[in-house]
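File shown here: query_34.cif, holding mmCIF, C-alpha atoms.
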data_data
#
loop_
_atom_site.label_atom_id
_atom_site.label_comp_id
_atom_site.auth_asym_id
_atom_site.auth_seq_id
_atom_site.Cartn_x
_atom_site.Cartn_y
_atom_site.Cartn_z
CA MET N 1 103.06 64.99 187.08
CA LYS N 2 103.00 66.99 190.32
CA LEU N 3 104.71 65.26 193.26
CA LYS N 4 102.59 64.93 196.41
CA LYS N 5 104.06 65.05 199.91
CA GLU N 6 102.20 61.97 201.13
CA ILE N 7 103.30 59.96 198.08
CA ILE N 8 106.93 61.01 198.55
CA PHE N 9 106.71 60.07 202.25
CA ASP N 10 105.32 56.60 201.41
CA VAL N 11 108.07 56.02 198.84
CA LEU N 12 110.83 57.19 201.20
CA LYS N 13 109.45 55.09 204.07
CA ILE N 14 110.05 51.92 202.06
CA ALA N 15 112.93 53.07 199.86
CA LEU N 16 115.30 54.52 202.47
CA PRO N 17 115.61 51.36 204.64
CA ALA N 18 116.16 49.40 201.41
CA VAL N 19 118.80 51.91 200.27
CA PHE N 20 120.60 51.70 203.63
CA GLU N 21 120.34 47.89 203.61
CA MET N 22 121.82 47.61 200.11
CA THR N 23 124.45 50.21 200.97
CA LEU N 24 125.57 48.22 204.00
CA TYR N 25 125.87 45.02 201.97
CA THR N 26 127.79 46.91 199.31
CA MET N 27 130.05 48.44 201.94
CA ILE N 28 131.01 44.91 203.02
CA GLY N 29 132.36 44.32 199.52
CA VAL N 30 133.94 47.77 199.44
CA PHE N 31 135.73 47.34 202.78
CA ASP N 32 136.70 43.77 201.86
CA THR N 33 138.38 45.18 198.75
CA MET N 34 140.01 47.97 200.76
CA MET N 35 141.37 45.62 203.42
CA VAL N 36 142.68 42.94 201.07
CA GLY N 37 144.11 45.72 198.88
CA GLN N 38 145.99 47.13 201.85
CA TYR N 39 147.06 43.61 202.83
CA GLY N 40 148.14 42.19 199.46
CA GLY N 41 147.98 44.88 196.77
CA ASP N 42 146.69 44.33 193.23
CA LEU N 43 147.01 40.51 193.38
CA ALA N 44 144.74 40.28 196.44
CA VAL N 45 142.25 42.77 194.95
CA SER N 46 142.12 40.84 191.66
CA SER N 47 141.70 37.47 193.42
CA VAL N 48 138.87 38.60 195.70
CA GLY N 49 137.29 40.69 192.93
CA LEU N 50 137.16 37.82 190.43
CA SER N 51 135.85 35.40 193.08
CA THR N 52 133.19 37.83 194.28
CA GLU N 53 132.03 38.61 190.75
CA THR N 54 131.69 34.86 190.06
CA ILE N 55 129.82 34.14 193.30
CA TYR N 56 127.37 37.02 193.05
CA THR N 57 126.72 36.32 189.38
CA PHE N 58 125.22 33.01 190.49
CA SER N 59 123.38 34.57 193.43
CA ASN N 60 121.94 37.52 191.49
CA ILE N 61 120.81 35.49 188.50
CA LEU N 62 119.23 32.64 190.42
CA VAL N 63 117.81 34.26 193.56
CA ALA N 64 118.48 37.93 194.38
CA ASN N 65 117.20 39.19 191.02
CA GLY N 66 115.47 36.01 189.94
CA ILE N 67 113.14 34.10 192.24
CA SER N 68 113.10 36.99 194.75
CA ILE N 69 111.57 39.34 192.15
CA GLY N 70 108.71 36.89 191.60
CA ILE N 71 108.20 36.58 195.37
CA SER N 72 108.12 40.36 195.97
CA SER N 73 105.81 41.07 193.05
CA LEU N 74 103.28 38.33 193.83
CA VAL N 75 103.29 38.91 197.61
CA ALA N 76 102.77 42.67 197.05
CA ARG N 77 99.85 42.14 194.68
CA LYS N 78 98.18 39.52 196.89
CA ILE N 79 98.55 41.81 199.91
CA GLY N 80 96.92 44.57 197.81
CA GLU N 81 94.09 42.19 196.91
CA LYS N 82 93.66 41.36 200.65
CA LYS N 83 94.55 37.70 199.98
CA ASP N 84 97.08 37.24 202.78
CA LYS N 85 97.03 33.42 202.71
CA LEU N 86 97.94 33.38 199.03
CA ALA N 87 100.75 35.86 199.74
CA GLU N 88 102.03 33.48 202.42
CA GLU N 89 101.85 30.52 200.07
CA TYR N 90 103.86 32.35 197.40
CA ALA N 91 106.47 33.27 200.02
CA THR N 92 106.77 29.60 201.04
CA LEU N 93 107.07 28.34 197.45
CA GLY N 94 109.70 30.97 196.78
CA PHE N 95 111.75 29.80 199.77
CA LEU N 96 111.49 26.18 198.57
CA PHE N 97 112.82 27.10 195.13
CA ALA N 98 115.57 29.23 196.67
CA PHE N 99 116.66 26.25 198.81
CA ILE N 100 116.93 23.94 195.79
CA ILE N 101 118.75 26.58 193.75
CA SER N 102 121.16 27.39 196.59
CA ILE N 103 122.32 23.78 196.87
CA PHE N 104 123.03 23.73 193.13
CA ALA N 105 124.93 27.04 193.25
CA TRP N 106 127.06 25.95 196.22
CA PHE N 107 128.01 22.68 194.49
CA ILE N 108 129.12 24.42 191.28
CA LEU N 109 131.06 27.16 193.06
CA PHE N 110 132.78 24.86 195.55
CA PHE N 111 133.89 22.16 193.13
CA PHE N 112 134.25 23.81 189.71
CA SER N 113 135.18 27.52 190.10
CA THR N 114 138.94 26.82 189.91
CA HIS N 115 138.49 24.91 186.64
CA LEU N 116 136.51 27.83 185.24
CA PHE N 117 139.28 30.29 186.13
CA ARG N 118 141.82 28.13 184.28
CA VAL N 119 139.62 27.76 181.21
CA ILE N 120 139.34 31.54 180.81
CA GLY N 121 143.10 31.99 181.08
CA THR N 122 143.34 33.56 184.54
CA GLN N 123 146.91 33.99 185.80
CA GLU N 124 147.99 31.11 188.03
CA ASN N 125 148.95 33.37 190.96
CA ILE N 126 145.40 34.82 190.98
CA ILE N 127 143.89 31.30 190.90
CA THR N 128 146.08 30.17 193.81
CA THR N 129 145.00 33.12 195.95
CA ALA N 130 141.33 33.02 194.91
CA THR N 131 140.65 29.28 195.37
CA PRO N 132 140.51 29.09 199.20
CA PHE N 133 138.44 32.30 199.30
CA ILE N 134 135.79 31.12 196.84
CA LYS N 135 135.39 27.69 198.47
CA ILE N 136 134.69 29.24 201.86
CA ALA N 137 132.55 32.05 200.44
CA SER N 138 130.41 29.52 198.51
CA ILE N 139 129.12 28.18 201.84
CA GLY N 140 128.15 31.68 202.93
CA ILE N 141 126.38 32.45 199.65
CA PHE N 142 124.17 29.37 200.20
CA PHE N 143 122.73 31.00 203.32
CA ASN N 144 122.74 34.45 201.71
CA MET N 145 120.51 33.21 198.87
CA LEU N 146 118.04 31.71 201.34
CA MET N 147 118.00 34.99 203.28
CA ASN N 148 117.36 36.88 200.03
CA SER N 149 114.20 34.89 199.35
CA LEU N 150 112.89 35.54 202.88
CA ASN N 151 113.72 39.25 202.60
CA ALA N 152 111.79 39.36 199.31
CA SER N 153 108.58 38.25 201.01
CA LEU N 154 109.06 40.89 203.73
CA ARG N 155 109.60 43.61 201.09
CA GLY N 156 106.48 42.48 199.26
CA CYS N 157 104.58 43.22 202.48
CA GLY N 158 106.21 46.66 202.61
CA ASN N 159 108.59 45.68 205.42
CA THR N 160 112.07 46.92 204.52
CA LYS N 161 113.09 47.69 208.12
CA THR N 162 113.72 44.09 209.23
CA PRO N 163 116.03 43.31 206.27
CA LEU N 164 117.85 46.54 207.19
CA ILE N 165 118.38 45.32 210.76
CA ALA N 166 119.72 42.03 209.39
CA SER N 167 122.12 43.92 207.13
CA ILE N 168 123.44 45.89 210.13
CA ILE N 169 124.12 42.63 211.99
CA VAL N 170 125.83 41.06 208.96
CA THR N 171 127.94 44.17 208.28
CA LEU N 172 129.17 44.54 211.87
CA ILE N 173 130.13 40.86 212.13
CA ASN N 174 131.74 40.78 208.68
CA LEU N 175 133.86 43.90 209.11
CA THR N 176 134.93 42.99 212.64
CA LEU N 177 136.06 39.55 211.52
CA ASP N 178 137.72 41.06 208.42
CA TYR N 179 139.84 43.30 210.63
CA ILE N 180 140.80 40.40 212.89
CA LEU N 181 141.31 37.62 210.34
CA ILE N 182 142.84 39.42 207.34
CA PHE N 183 145.56 41.23 209.28
CA GLY N 184 145.86 38.91 212.32
CA ASN N 185 144.84 41.42 214.98
CA PHE N 186 144.17 40.67 218.67
CA GLY N 187 146.69 37.82 218.65
CA VAL N 188 144.85 35.84 215.94
CA HIS N 189 146.82 34.27 213.07
CA SER N 190 146.72 36.33 209.84
CA PHE N 191 144.68 34.52 207.19
CA GLY N 192 144.91 37.24 204.53
CA VAL N 193 142.47 36.76 201.62
CA THR N 194 141.17 33.50 203.13
CA GLY N 195 140.30 35.43 206.30
CA SER N 196 138.03 37.66 204.24
CA GLY N 197 136.16 34.56 203.02
CA ILE N 198 135.76 33.21 206.57
CA ALA N 199 134.42 36.58 207.77
CA THR N 200 131.89 36.84 204.95
CA CYS N 201 130.69 33.26 205.38
CA THR N 202 130.21 33.57 209.16
CA ALA N 203 128.29 36.85 208.86
CA GLN N 204 125.95 35.50 206.19
CA ILE N 205 125.08 32.41 208.22
CA ILE N 206 124.20 34.56 211.25
CA GLY N 207 122.17 36.95 209.06
CA PHE N 208 120.12 34.05 207.70
CA ILE N 209 119.43 32.70 211.21
CA PHE N 210 118.16 36.15 212.32
CA ILE N 211 115.78 36.55 209.35
CA PHE N 212 114.57 32.93 209.51
CA PHE N 213 113.55 33.21 213.17
CA TYR N 214 111.96 36.63 212.57
CA ILE N 215 109.83 35.17 209.77
CA LEU N 216 108.74 32.23 211.94
CA LYS N 217 107.86 34.32 215.02
CA TYR N 218 106.84 37.82 213.95
CA SER N 219 106.15 38.12 210.24
CA LYS N 220 102.60 38.39 208.93
CA THR N 221 103.70 36.31 205.94
CA LYS N 222 105.32 33.12 207.25
CA VAL N 223 106.99 30.11 205.66
CA ARG N 224 104.80 27.07 206.33
CA ILE N 225 105.63 23.43 205.55
CA SER N 226 101.93 22.72 204.91
CA TYR N 227 102.09 24.71 201.67
CA ILE N 228 105.02 22.61 200.48
CA LYS N 229 103.21 19.34 201.25
CA LYS N 230 100.20 20.33 199.11
CA LEU N 231 102.19 21.87 196.28
CA ASN N 232 99.92 24.08 194.15
CA ILE N 233 101.16 23.65 190.56
CA THR N 234 99.19 26.66 189.31
CA MET N 235 100.88 28.91 191.85
CA VAL N 236 104.28 27.39 191.03
CA LYS N 237 103.70 28.30 187.37
CA SER N 238 102.72 31.86 188.32
CA LEU N 239 105.87 32.25 190.40
CA LEU N 240 108.10 30.87 187.65
CA ARG N 241 106.34 32.95 184.98
CA LEU N 242 107.48 36.11 186.78
CA SER N 243 110.80 34.85 188.13
CA LEU N 244 112.28 33.33 184.97
CA PRO N 245 112.30 36.54 182.87
CA ALA N 246 113.68 38.44 185.88
CA SER N 247 116.36 35.77 186.30
CA LEU N 248 117.17 35.86 182.59
CA GLN N 249 117.38 39.67 182.72
CA GLU N 250 119.93 39.51 185.51
CA GLY N 251 121.65 36.67 183.67
CA SER N 252 122.02 38.71 180.52
CA LEU N 253 123.60 41.54 182.52
CA SER N 254 125.67 39.53 185.02
CA ILE N 255 127.03 36.96 182.57
CA SER N 256 128.02 39.66 180.10
CA ARG N 257 129.71 41.52 182.97
CA LEU N 258 131.47 38.34 184.12
CA ILE N 259 132.72 37.56 180.61
CA SER N 260 133.88 41.17 180.34
CA ASN N 261 135.86 40.63 183.55
CA PHE N 262 137.43 37.57 182.00
CA PHE N 263 138.52 39.77 179.08
CA ILE N 264 139.94 42.36 181.50
CA VAL N 265 141.85 39.69 183.48
CA ILE N 266 143.87 39.01 180.31
CA LEU N 267 145.08 42.64 180.45
CA GLY N 268 146.84 41.81 183.74
CA SER N 269 146.34 42.30 187.46
CA LEU N 270 146.96 46.07 187.38
CA ALA N 271 144.19 46.70 184.83
CA PHE N 272 141.83 44.30 186.60
CA ALA N 273 142.53 45.94 189.97
CA ALA N 274 141.72 49.40 188.51
CA ASN N 275 138.49 48.01 187.06
CA GLN N 276 137.55 46.20 190.28
CA ILE N 277 138.13 49.31 192.39
CA THR N 278 135.95 51.38 190.04
CA THR N 279 133.27 48.67 190.19
CA SER N 280 133.40 48.76 194.00
CA ILE N 281 133.04 52.56 194.02
CA GLU N 282 130.17 52.48 191.54
CA SER N 283 128.41 49.70 193.44
CA ILE N 284 127.73 52.22 196.23
CA SER N 285 126.02 54.59 193.80
CA PHE N 286 123.77 51.72 192.62
CA MET N 287 122.09 51.60 195.99
CA PRO N 288 119.62 54.49 195.56
CA GLY N 289 118.54 52.88 192.29
CA TRP N 290 118.02 49.50 193.93
CA GLY N 291 116.27 50.98 196.96
CA PHE N 292 113.77 53.00 194.95
CA ALA N 293 113.27 50.07 192.58
CA ILE N 294 112.32 47.90 195.58
CA ALA N 295 109.93 50.61 196.82
CA ALA N 296 108.41 50.94 193.36
CA THR N 297 107.89 47.17 193.02
CA ALA N 298 106.16 46.95 196.42
CA LEU N 299 104.05 50.14 196.27
CA VAL N 300 103.07 49.96 192.61
CA GLY N 301 102.39 46.22 192.99
CA GLN N 302 100.12 46.74 195.99
CA LYS N 303 98.18 49.57 194.33
CA PHE N 304 97.90 47.53 191.17
CA GLY N 305 96.45 44.68 193.25
CA GLU N 306 93.96 47.14 194.77
CA LYS N 307 93.17 48.38 191.23
CA ASP N 308 94.04 51.91 192.35
CA TYR N 309 95.81 52.73 189.06
CA GLU N 310 96.11 56.47 189.63
CA LYS N 311 97.98 55.90 192.90
CA ALA N 312 100.18 53.31 191.19
CA LYS N 313 101.16 55.91 188.60
CA GLU N 314 101.95 58.50 191.29
CA TYR N 315 104.17 56.05 193.16
CA ALA N 316 105.91 55.12 189.90
CA TYR N 317 106.86 58.68 188.91
CA SER N 318 107.80 59.72 192.44
CA SER N 319 110.16 56.74 192.74
CA LEU N 320 111.75 57.59 189.39
CA PHE N 321 112.27 61.25 190.25
CA LEU N 322 113.75 60.67 193.71
CA GLY N 323 116.06 57.81 192.69
CA THR N 324 117.39 59.56 189.60
CA PHE N 325 117.99 62.80 191.50
CA ILE N 326 120.11 61.02 194.13
CA MET N 327 122.15 59.19 191.51
CA LEU N 328 122.85 62.51 189.77
CA ILE N 329 124.47 63.61 193.03
CA CYS N 330 126.64 60.47 192.83
CA SER N 331 127.68 61.57 189.31
CA ALA N 332 128.85 64.90 190.69
CA ILE N 333 130.89 63.21 193.44
CA PHE N 334 132.54 60.90 190.88
CA LEU N 335 133.60 63.93 188.83
CA MET N 336 134.86 65.98 191.77
CA LEU N 337 136.72 63.34 193.84
CA PRO N 338 137.78 60.46 191.53
CA SER N 339 141.40 60.01 192.63
CA GLN N 340 140.51 60.38 196.31
CA LEU N 341 137.92 57.63 195.98
CA VAL N 342 140.31 55.27 194.20
CA SER N 343 143.11 55.92 196.71
CA LEU N 344 140.93 54.54 199.51
CA PHE N 345 141.19 51.07 197.99
CA ILE N 346 144.90 50.53 197.43
CA ASN N 347 148.37 51.47 198.63
CA SER N 348 149.38 55.00 197.63
CA ASN N 349 152.47 53.70 195.78
CA ALA N 350 150.30 51.82 193.25
CA HIS N 351 150.39 54.84 190.92
CA GLN N 352 149.32 53.07 187.72
CA VAL N 353 146.25 51.53 189.34
CA ILE N 354 145.26 54.91 190.87
CA ASN N 355 145.72 56.79 187.57
CA GLU N 356 143.73 54.28 185.52
CA GLY N 357 141.06 53.95 188.21
CA THR N 358 140.65 57.74 188.36
CA LEU N 359 139.86 57.90 184.63
CA CYS N 360 137.42 55.00 184.95
CA VAL N 361 135.53 56.66 187.84
CA MET N 362 135.19 59.92 185.90
CA ILE N 363 133.78 58.10 182.89
CA ALA N 364 131.42 56.11 185.16
CA SER N 365 129.82 59.40 186.27
CA ILE N 366 128.08 59.60 182.87
CA GLU N 367 126.02 56.45 183.34
CA GLN N 368 124.61 57.07 186.84
CA PRO N 369 121.22 58.69 185.97
CA PHE N 370 120.63 56.14 183.21
CA ILE N 371 121.28 53.27 185.62
CA ALA N 372 118.64 54.83 187.91
CA LEU N 373 116.11 54.95 185.06
CA SER N 374 116.83 51.35 184.15
CA MET N 375 116.56 49.99 187.69
CA ILE N 376 113.51 51.95 188.84
CA ALA N 377 111.47 51.76 185.63
CA GLY N 378 112.27 48.04 185.59
CA GLY N 379 111.13 47.74 189.22
CA ILE N 380 107.85 49.48 188.38
CA LEU N 381 107.15 47.10 185.51
CA LYS N 382 107.95 44.10 187.72
CA GLY N 383 105.50 45.43 190.31
CA ILE N 384 102.65 45.18 187.80
CA GLY N 385 103.77 41.72 186.71
CA ASP N 386 105.76 42.62 183.58
CA THR N 387 109.19 41.02 183.92
CA LYS N 388 109.56 40.36 180.18
CA THR N 389 110.14 43.97 179.08
CA PRO N 390 113.15 44.57 181.40
CA PHE N 391 114.54 41.21 180.27
CA LYS N 392 114.28 42.08 176.56
CA VAL N 393 115.90 45.49 177.05
CA SER N 394 118.72 43.95 179.10
CA MET N 395 119.34 41.30 176.44
CA ILE N 396 119.71 43.95 173.74
CA SER N 397 121.95 46.28 175.77
CA SER N 398 124.15 43.49 177.18
CA TRP N 399 124.57 41.19 174.20
CA LEU N 400 124.08 43.39 171.15
CA ILE N 401 125.90 46.46 172.51
CA ARG N 402 128.20 45.64 175.45
CA MET N 403 129.60 42.24 174.47
CA PRO N 404 130.52 42.97 170.82
CA LEU N 405 132.24 46.21 171.86
CA MET N 406 134.07 44.48 174.73
CA PHE N 407 135.20 41.68 172.45
CA ILE N 408 136.56 44.05 169.80
CA PHE N 409 138.14 46.79 171.94
CA ILE N 410 139.25 44.82 175.03
CA HIS N 411 139.73 41.18 173.99
CA ILE N 412 141.01 41.73 170.44
CA MET N 413 142.59 45.20 170.48
CA ARG N 414 143.68 45.06 174.16
CA LEU N 415 142.96 48.76 174.72
CA SER N 416 143.21 50.47 178.11
CA VAL N 417 140.74 49.55 180.86
CA MET N 418 139.15 53.03 180.61
CA TYR N 419 137.51 51.82 177.36
CA VAL N 420 135.59 49.27 179.44
CA TRP N 421 133.82 52.17 181.14
CA ILE N 422 133.19 54.04 177.90
CA ILE N 423 131.47 50.89 176.63
CA THR N 424 129.38 50.41 179.79
CA SER N 425 128.30 54.07 179.62
CA ILE N 426 127.05 53.52 176.07
CA GLN N 427 125.22 50.39 177.26
CA TRP N 428 123.48 52.13 180.20
CA ILE N 429 122.50 55.21 178.18
CA PHE N 430 120.74 52.94 175.71
CA ASP N 431 119.25 50.66 178.41
CA GLY N 432 117.93 53.43 180.68
CA THR N 433 116.48 55.49 177.83
CA LEU N 434 114.73 52.55 176.16
CA ILE N 435 113.18 51.08 179.30
CA PHE N 436 111.93 54.52 180.37
CA ILE N 437 110.26 54.98 176.98
CA LEU N 438 108.66 51.51 177.21
CA PHE N 439 107.53 52.15 180.80
CA ARG N 440 105.79 55.38 179.73
CA LYS N 441 104.18 53.58 176.81
CA LYS N 442 102.92 50.81 179.11
CA PHE N 443 101.43 53.27 181.61
CA LYS N 444 99.88 55.29 178.80
CA LYS N 445 98.05 52.14 177.72
CA LEU N 446 96.93 51.52 181.25
CA SER N 447 95.81 55.13 181.58
CA GLU N 448 92.49 54.17 180.06
CA GLY N 449 91.77 52.61 183.43
CA PHE N 450 93.01 55.72 185.35
#

Any chance you could put this one into C-alpha cells?
Amino acid sequence: MKLKKEIIFDVLKIALPAVFEMTLYTMIGVFDTMMVGQYGGDLAVSSVGLSTETIYTFSNILVANGISIGISSLVARKIGEKKDKLAEEYATLGFLFAFIISIFAWFILFFFSTHLFRVIGTQENIITTATPFIKIASIGIFFNMLMNSLNASLRGCGNTKTPLIASIIVTLINLTLDYILIFGNFGVHSFGVTGSGIATCTAQIIGFIFIFFYILKYSKTKVRISYIKKLNITMVKSLLRLSLPASLQEGSLSISRLISNFFIVILGSLAFAANQITTSIESISFMPGWGFAIAATALVGQKFGEKDYEKAKEYAYSSLFLGTFIMLICSAIFLMLPSQLVSLFINSNAHQVINEGTLCVMIASIEQPFIALSMIAGGILKGIGDTKTPFKVSMISSWLIRMPLMFIFIHIMRLSVMYVWIITSIQWIFDGTLIFILFRKKFKKLSEGF
C-alpha cells in the first residue's frame, strides 16, 4: 500500500506526543536505576528492579493495558460515530473501575509484597532493601493507575498532548527529588533506595492532580458522577468485554515476565542486575511501538466508527511501517553501542555485570522489529474492538514458548542470563509474526466493505 503524506501526518500528530510521553515515563525508571545503581551497586539495582517489576505488573495488567484499552477503544469509536455523550459515559465508567482496582492493587502491594518475595526465594538482603521502597511506591501507583484511566479517555479523543504535558511534570519532579533524596543533596538526609520511592510517589500524585483538574475543566470528554449514579449495565458489559481480554493479554505477558524474573533472582544479584539493566535499556526502545500502537487504536477506531474502512486500513499500515522502521533503528544502536549503554547504569568496576549486560543488549537487538509488529498490529485490532486475538497470541507466546524454555534453561539448568534474552527473542519473533499474519487476515475479511 502506498503511504500518503496526509495519513502519515495524522499518525505522527497523535503518535509522537504518545512516544515522547511513554519515553519520559520510561526515562524515570531508567534514571531511577542509574541513580540507585551509582548509589548502591547491584544490590540496589536488584531491589528496585524487582519491586518495580512487581508494581508495574499489577498496574499494566489491571489498568494501563487492561481497563484503559477498553476506554480508549470505546471512546474513539463513539467519537467517530458522533456520540459524544456515550464516549463521556464510557470514560466515567472506566474511571470508576480504575478506582476500585487501584484500591485492591495498593492493598496487595503494601501488605503482601514482602511475603511474595520470600516465597519465591529472594535473597534476604534484597528483601530488606526492597520493602520500604515498594510500600511507598504502592501509594504512588494508586494515583498512577487513576491517571492512566483518565489519559486513556483523552487518547480516545485523539488528545495525546495533555498526557505528554503531565508526563513532563511527573518526570521533572521525580528526577529532581531522586537527585535530592537518593544521594542527600542540598543538605537533605540521604534516603538511598527509599528516597527513590518517595520521589516516584510524590511525582505520581502531582501528575494525577494535574490530569484530574484538566479533565474536569477543559476536556470534551469529562468524568461525571451522574453517569455513576445511573449505572448502565449494558455499557459496563461492553467495557468489560473489551477490557478483560486486553487485561488477560497483558497478564499473560507480565506474569510470565515476573515469574522469569523470579527465576533470574535465584541466579544471584549480579545476573539479576545485568538483566534489569538490559530491561531498562530495552524499555526505551519499546516507546515507538507503544506510541504508534496508541495512534493506531485511536485513528483506526475513529475511522471504524465512521465506517470509513479504507481510511482505517491506511492508518493501520502507516502506523505499522513508521513504528517498525523506528524500532529497527533501535536495533542498530543496540548492536553498535551495547557496552556503552550498559555502563551508564552501574559503576565501571562492576565488570561482570557490564560484560553480561553487553551480551544481553546485543541479543535484544534481534527482537525489536518483532516487538513493533506485535504492539502496533495489536493496537490496530483493539481499535476495531478485537481484543481477543492479541490475548490469544500473547498466551501462546508467553506460556507455551517463553515459560517452558525459561523453566528448563534458567530455573533447572541455571544457564547464563544471556539465555534469558535468547528465549525472549524467540518469543517475540513468534508473537510479532503471528499477530501480523492474523491482522492481515482480519483486514482482508473486512476488505469486502472497503

Query raised in the report: Between CA of Ser319 in chain N and CA of Ala166 in chain N, what is the distance, to one decimal in Å?
Result: 24.2 Å

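Here, the PyMOL selection byres ((chain N and resi 24) around 10) matches N:Ala18, N:Val19, N:Phe20, N:Glu21, N:Met22, N:Thr23, N:Tyr25, N:Thr26, N:Met27, N:Ile28, N:Gly29, N:Val30, N:Leu164, N:Ser167, N:Ile168, N:Ile169, N:Val170, N:Thr171, N:Leu172, N:Ile284, N:Met287.
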
Long-range neighbours of Glu124 in chain N as an mmCIF file with C-alpha atoms, keeping the file's coordinate frame, 12 Å cut-off, only C-alpha atoms, 3 positions minimum in chain:
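Contents of selection.cif, freshly written:
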data_model
loop_
_atom_site.group_PDB
_atom_site.id
_atom_site.type_symbol
_atom_site.label_atom_id
_atom_site.label_comp_id
_atom_site.auth_asym_id
_atom_site.auth_seq_id
_atom_site.Cartn_x
_atom_site.Cartn_y
_atom_site.Cartn_z
ATOM 1 C CA LEU N 43 147.010 40.510 193.380
ATOM 2 C CA SER N 46 142.120 40.840 191.660
ATOM 3 C CA SER N 47 141.700 37.470 193.420
ATOM 4 C CA THR N 114 138.940 26.820 189.910
ATOM 5 C CA HIS N 115 138.490 24.910 186.640
ATOM 6 C CA PHE N 117 139.280 30.290 186.130
ATOM 7 C CA ARG N 118 141.820 28.130 184.280
ATOM 8 C CA VAL N 119 139.620 27.760 181.210
ATOM 9 C CA ILE N 120 139.340 31.540 180.810
ATOM 10 C CA GLY N 121 143.100 31.990 181.080
ATOM 11 C CA ILE N 127 143.890 31.300 190.900
ATOM 12 C CA THR N 128 146.080 30.170 193.810
ATOM 13 C CA THR N 129 145.000 33.120 195.950
ATOM 14 C CA ALA N 130 141.330 33.020 194.910
ATOM 15 C CA THR N 131 140.650 29.280 195.370
ATOM 16 C CA VAL N 265 141.850 39.690 183.480
ATOM 17 C CA ILE N 266 143.870 39.010 180.310
ATOM 18 C CA GLY N 268 146.840 41.810 183.740
ATOM 19 C CA SER N 269 146.340 42.300 187.460
#

Query - Picked residues, the PyMOL selection byres ((chain N and resi 135-149) around 6), as number ranges by chain - result: N: 64, 68, 95, 98, 102, 106, 109-110, 132-134, 150-152, 197, 201, 204-205, 208

Requested in this report: Using CA of Leu86 in chain N and CA of Ile69 in chain N as the two end points, give the distance in Å to one decimal.
Outcome: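 Those two atoms sit 16.4 Å apart.
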
Query raised in the report: When the PyMOL selection byres ((chain N and resi 263) around 10) is applied to the file above, which residues end up in the set, as a PyMOL selection string?
Result: chain N and resi 120-122+257-262+264-268+272+406-407+410-412+414+420

Using only C-alpha atoms, please write the residues we just selected to a file, as a PDB file, in the coordinates of the input.
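Written file, result30.pdb:
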ATOM      1  CA  ILE N 120     139.340  31.540 180.810  1.00  0.00           C
ATOM      2  CA  GLY N 121     143.100  31.990 181.080  1.00  0.00           C
ATOM      3  CA  THR N 122     143.340  33.560 184.540  1.00  0.00           C
ATOM      4  CA  ARG N 257     129.710  41.520 182.970  1.00  0.00           C
ATOM      5  CA  LEU N 258     131.470  38.340 184.120  1.00  0.00           C
ATOM      6  CA  ILE N 259     132.720  37.560 180.610  1.00  0.00           C
ATOM      7  CA  SER N 260     133.880  41.170 180.340  1.00  0.00           C
ATOM      8  CA  ASN N 261     135.860  40.630 183.550  1.00  0.00           C
ATOM      9  CA  PHE N 262     137.430  37.570 182.000  1.00  0.00           C
ATOM     10  CA  ILE N 264     139.940  42.360 181.500  1.00  0.00           C
ATOM     11  CA  VAL N 265     141.850  39.690 183.480  1.00  0.00           C
ATOM     12  CA  ILE N 266     143.870  39.010 180.310  1.00  0.00           C
ATOM     13  CA  LEU N 267     145.080  42.640 180.450  1.00  0.00           C
ATOM     14  CA  GLY N 268     146.840  41.810 183.740  1.00  0.00           C
ATOM     15  CA  PHE N 272     141.830  44.300 186.600  1.00  0.00           C
ATOM     16  CA  MET N 406     134.070  44.480 174.730  1.00  0.00           C
ATOM     17  CA  PHE N 407     135.200  41.680 172.450  1.00  0.00           C
ATOM     18  CA  ILE N 410     139.250  44.820 175.030  1.00  0.00           C
ATOM     19  CA  HIS N 411     139.730  41.180 173.990  1.00  0.00           C
ATOM     20  CA  ILE N 412     141.010  41.730 170.440  1.00  0.00           C
ATOM     21  CA  ARG N 414     143.680  45.060 174.160  1.00  0.00           C
ATOM     22  CA  VAL N 420     135.590  49.270 179.440  1.00  0.00           C
TER      23      VAL N 420
END

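Checking N:Ser238, N:Thr433, N:Asn349, N:Ser226 one by one against Gln38 in chain N, counting only C-alpha atoms, you find the shortest gap at N:Asn349.
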
Closest pair table for range 373-433 of chain N residues within 8 Å of range 439-446 of chain N, all atoms listed in the file, as CSV:
residue,atom,partner,partner_atom,distance
N:Ala377,CA,N:Phe439,CA,6.2
N:Gly378,CA,N:Phe439,CA,7.9
N:Leu381,CA,N:Phe439,CA,6.9

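Residues in contact range of Leu400 in chain N, defined as at most 12 Å between only C-alpha atoms, with sequence neighbours fewer than 2 positions away removed, read Ser252, Leu253, Ser256, Lys392, Val393, Ser394, Met395, Ile396, Ser397, Ser398, Arg402, Met403, Pro404, Leu405, Met406, Phe407, Ile423, Ile426, Gln427, Phe430 and Asp431 of chain N.
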
Report summary line: Of N:Thr279, N:Gln302, N:Ser254, N:Thr200, the one nearest to Tyr56 in chain N when counting only C-alpha atoms is N:Ser254

Residues at most 9 Å from Gly66 in chain N, counting all atoms listed in the file, excluding those fewer than 3 positions away in the same chain, as a PDB file with C-alpha atoms, in the frame of the given file?
ATOM      1  CA  SER N  59     123.380  34.570 193.430  1.00  0.00           C
ATOM      2  CA  ASN N  60     121.940  37.520 191.490  1.00  0.00           C
ATOM      3  CA  ILE N  61     120.810  35.490 188.500  1.00  0.00           C
ATOM      4  CA  LEU N  62     119.230  32.640 190.420  1.00  0.00           C
ATOM      5  CA  VAL N  63     117.810  34.260 193.560  1.00  0.00           C
ATOM      6  CA  ILE N  69     111.570  39.340 192.150  1.00  0.00           C
ATOM      7  CA  GLY N  70     108.710  36.890 191.600  1.00  0.00           C
ATOM      8  CA  LEU N 242     107.480  36.110 186.780  1.00  0.00           C
ATOM      9  CA  SER N 243     110.800  34.850 188.130  1.00  0.00           C
ATOM     10  CA  LEU N 244     112.280  33.330 184.970  1.00  0.00           C
ATOM     11  CA  PRO N 245     112.300  36.540 182.870  1.00  0.00           C
ATOM     12  CA  ALA N 246     113.680  38.440 185.880  1.00  0.00           C
ATOM     13  CA  SER N 247     116.360  35.770 186.300  1.00  0.00           C
ATOM     14  CA  LEU N 248     117.170  35.860 182.590  1.00  0.00           C
ATOM     15  CA  GLN N 249     117.380  39.670 182.720  1.00  0.00           C
ATOM     16  CA  GLU N 250     119.930  39.510 185.510  1.00  0.00           C
ATOM     17  CA  GLY N 251     121.650  36.670 183.670  1.00  0.00           C
TER      18      GLY N 251
END
